[in-house]
Amino acid sequence: YEVEHILTCATLSASAALERKESRWGNAHQRTDFPDKDDDNWLCHLILNKGEDNRDIQISKKAVKGFDAAEVKK
């Protein structure tokens, strides 16, 4: 099971990284095809849901909220 979970986590992480069309967090998420940070489109959480098959991944966005529960403005 451990290897299966590692592969699932890697697949979800790679899917999220490819979905986010920007660079963010310094070198942790640097894309040469999207070199700039884009808060207008990507100041959000990505929510990934996996189906029965690891290739069946649905991705949605959720607003970032601060400690006061208010949505963080761009």
# chains A, B, ... in the order shown; residues from 1 in each chain; ligands from 1
$ select_by_dssp --residues "chain A" --states "strand (DSSP E or B)" --output "MDAnalysis selection string"
chainID A and resid 24 29 44:50 57:63 65 71
$ select_by_dssp --residues "chain A" --states "helix (DSSP H, G or I)" --output "ChimeraX atom specification"
/A:2-19,26-28,39-42
$ residues_around --residues "region 18-31 of chain A" --least-positions-apart "6" --cutoff "12 Å" --atoms "only C-alpha atoms" --output "PyMOL selection string"
chain A and resi 11-12+37-48+57-61
$ write_last_selection --atoms "C-alpha atoms" --output "PDB file, in the first residue's frame"
ATOM      1  CA  THR A  11       0.340  11.984  -9.476  1.00  0.00           C
ATOM      2  CA  LEU A  12      -1.846  14.507  -7.614  1.00  0.00           C
ATOM      3  CA  LYS A  37       3.346  35.028 -10.447  1.00  0.00           C
ATOM      4  CA  ASP A  38      -0.306  35.559 -11.435  1.00  0.00           C
ATOM      5  CA  ASP A  39      -2.433  36.469  -8.403  1.00  0.00           C
ATOM      6  CA  ASP A  40      -5.367  37.501 -10.601  1.00  0.00           C
ATOM      7  CA  ASN A  41      -5.910  33.902 -11.695  1.00  0.00           C
ATOM      8  CA  TRP A  42      -3.988  31.776  -9.201  1.00  0.00           C
ATOM      9  CA  LEU A  43      -4.246  33.286  -5.696  1.00  0.00           C
ATOM     10  CA  CYS A  44      -6.321  30.261  -4.675  1.00  0.00           C
ATOM     11  CA  HIS A  45      -6.177  26.738  -3.347  1.00  0.00           C
ATOM     12  CA  LEU A  46      -6.422  23.932  -5.863  1.00  0.00           C
ATOM     13  CA  ILE A  47      -8.717  21.113  -4.763  1.00  0.00           C
ATOM     14  CA  LEU A  48      -7.990  17.748  -6.361  1.00  0.00           C
ATOM     15  CA  ILE A  57      -8.585  13.655 -11.437  1.00  0.00           C
ATOM     16  CA  GLN A  58     -11.000  16.561 -11.076  1.00  0.00           C
ATOM     17  CA  ILE A  59      -9.484  19.952 -10.198  1.00  0.00           C
ATOM     18  CA  SER A  60     -11.320  22.958  -8.800  1.00  0.00           C
ATOM     19  CA  LYS A  61     -10.323  26.245  -7.155  1.00  0.00           C
TER      20      LYS A  61
END
$ atom_distance --atom1 "CA of Ala14 (chain A)" --atom2 "CA of Glu2 (chain A)"
18.3 Å
$ decode --residues "chain A" --atoms "C-alpha atoms" --output "PDB file, in the first residue's frame"
ATOM      1  CA  TYR A   1       0.000   0.000   0.000  1.00  0.00           C
ATOM      2  CA  GLU A   2       2.824   2.413   0.716  1.00  0.00           C
ATOM      3  CA  VAL A   3       4.066   2.431  -2.877  1.00  0.00           C
ATOM      4  CA  GLU A   4       0.498   2.866  -4.130  1.00  0.00           C
ATOM      5  CA  HIS A   5      -0.001   5.889  -1.852  1.00  0.00           C
ATOM      6  CA  ILE A   6       3.338   7.396  -2.865  1.00  0.00           C
ATOM      7  CA  LEU A   7       2.370   7.096  -6.551  1.00  0.00           C
ATOM      8  CA  THR A   8      -1.052   8.623  -5.872  1.00  0.00           C
ATOM      9  CA  CYS A   9       0.491  11.582  -4.033  1.00  0.00           C
ATOM     10  CA  ALA A  10       3.047  12.104  -6.799  1.00  0.00           C
ATOM     11  CA  THR A  11       0.340  11.984  -9.476  1.00  0.00           C
ATOM     12  CA  LEU A  12      -1.846  14.507  -7.614  1.00  0.00           C
ATOM     13  CA  SER A  13       1.100  16.806  -6.935  1.00  0.00           C
ATOM     14  CA  ALA A  14       2.196  16.759 -10.580  1.00  0.00           C
ATOM     15  CA  SER A  15      -1.382  17.371 -11.759  1.00  0.00           C
ATOM     16  CA  ALA A  16      -1.705  20.409  -9.481  1.00  0.00           C
ATOM     17  CA  ALA A  17       1.656  21.784 -10.613  1.00  0.00           C
ATOM     18  CA  LEU A  18       0.708  21.449 -14.285  1.00  0.00           C
ATOM     19  CA  GLU A  19      -2.712  23.035 -13.703  1.00  0.00           C
ATOM     20  CA  ARG A  20      -1.237  26.146 -12.042  1.00  0.00           C
ATOM     21  CA  LYS A  21      -0.147  28.304 -14.994  1.00  0.00           C
ATOM     22  CA  GLU A  22       2.313  30.505 -13.076  1.00  0.00           C
ATOM     23  CA  SER A  23       5.513  30.476 -11.051  1.00  0.00           C
ATOM     24  CA  ARG A  24       5.214  30.789  -7.267  1.00  0.00           C
ATOM     25  CA  TRP A  25       7.172  30.076  -4.082  1.00  0.00           C
ATOM     26  CA  GLY A  26      10.625  30.749  -5.506  1.00  0.00           C
ATOM     27  CA  ASN A  27      12.249  27.656  -6.948  1.00  0.00           C
ATOM     28  CA  ALA A  28       9.683  25.321  -5.394  1.00  0.00           C
ATOM     29  CA  HIS A  29       7.296  25.970  -8.285  1.00  0.00           C
ATOM     30  CA  GLN A  30       9.225  27.681 -11.084  1.00  0.00           C
ATOM     31  CA  ARG A  31       7.895  27.238 -14.613  1.00  0.00           C
ATOM     32  CA  THR A  32       9.836  28.468 -17.623  1.00  0.00           C
ATOM     33  CA  ASP A  33       6.637  28.583 -19.720  1.00  0.00           C
ATOM     34  CA  PHE A  34       4.885  30.750 -17.067  1.00  0.00           C
ATOM     35  CA  PRO A  35       7.744  32.629 -15.337  1.00  0.00           C
ATOM     36  CA  ASP A  36       5.625  35.212 -13.457  1.00  0.00           C
ATOM     37  CA  LYS A  37       3.346  35.028 -10.447  1.00  0.00           C
ATOM     38  CA  ASP A  38      -0.306  35.559 -11.435  1.00  0.00           C
ATOM     39  CA  ASP A  39      -2.433  36.469  -8.403  1.00  0.00           C
ATOM     40  CA  ASP A  40      -5.367  37.501 -10.601  1.00  0.00           C
ATOM     41  CA  ASN A  41      -5.910  33.902 -11.695  1.00  0.00           C
ATOM     42  CA  TRP A  42      -3.988  31.776  -9.201  1.00  0.00           C
ATOM     43  CA  LEU A  43      -4.246  33.286  -5.696  1.00  0.00           C
ATOM     44  CA  CYS A  44      -6.321  30.261  -4.675  1.00  0.00           C
ATOM     45  CA  HIS A  45      -6.177  26.738  -3.347  1.00  0.00           C
ATOM     46  CA  LEU A  46      -6.422  23.932  -5.863  1.00  0.00           C
ATOM     47  CA  ILE A  47      -8.717  21.113  -4.763  1.00  0.00           C
ATOM     48  CA  LEU A  48      -7.990  17.748  -6.361  1.00  0.00           C
ATOM     49  CA  ASN A  49     -10.362  14.794  -6.259  1.00  0.00           C
ATOM     50  CA  LYS A  50      -9.255  11.402  -7.504  1.00  0.00           C
ATOM     51  CA  GLY A  51     -11.629   8.867  -8.958  1.00  0.00           C
ATOM     52  CA  GLU A  52     -11.136   5.116  -8.877  1.00  0.00           C
ATOM     53  CA  ASP A  53      -8.489   5.428 -11.585  1.00  0.00           C
ATOM     54  CA  ASN A  54      -5.401   7.563 -10.800  1.00  0.00           C
ATOM     55  CA  ARG A  55      -5.819   9.252 -14.182  1.00  0.00           C
ATOM     56  CA  ASP A  56      -9.352  10.393 -13.270  1.00  0.00           C
ATOM     57  CA  ILE A  57      -8.585  13.655 -11.437  1.00  0.00           C
ATOM     58  CA  GLN A  58     -11.000  16.561 -11.076  1.00  0.00           C
ATOM     59  CA  ILE A  59      -9.484  19.952 -10.198  1.00  0.00           C
ATOM     60  CA  SER A  60     -11.320  22.958  -8.800  1.00  0.00           C
ATOM     61  CA  LYS A  61     -10.323  26.245  -7.155  1.00  0.00           C
ATOM     62  CA  LYS A  62     -11.145  27.542  -3.684  1.00  0.00           C
ATOM     63  CA  ALA A  63     -10.583  31.084  -2.413  1.00  0.00           C
ATOM     64  CA  VAL A  64      -7.803  31.699   0.091  1.00  0.00           C
ATOM     65  CA  LYS A  65      -9.144  32.905   3.452  1.00  0.00           C
ATOM     66  CA  GLY A  66      -7.220  34.749   6.144  1.00  0.00           C
ATOM     67  CA  PHE A  67      -7.236  34.130   9.890  1.00  0.00           C
ATOM     68  CA  ASP A  68     -10.353  36.325  10.133  1.00  0.00           C
ATOM     69  CA  ALA A  69     -12.161  33.963   7.679  1.00  0.00           C
ATOM     70  CA  ALA A  70     -12.413  36.773   5.108  1.00  0.00           C
ATOM     71  CA  GLU A  71     -11.362  36.054   1.538  1.00  0.00           C
ATOM     72  CA  VAL A  72      -7.858  37.285   0.789  1.00  0.00           C
ATOM     73  CA  LYS A  73      -8.042  40.009  -1.841  1.00  0.00           C
ATOM     74  CA  LYS A  74      -5.714  40.050  -4.818  1.00  0.00           C
TER      75      LYS A  74
END
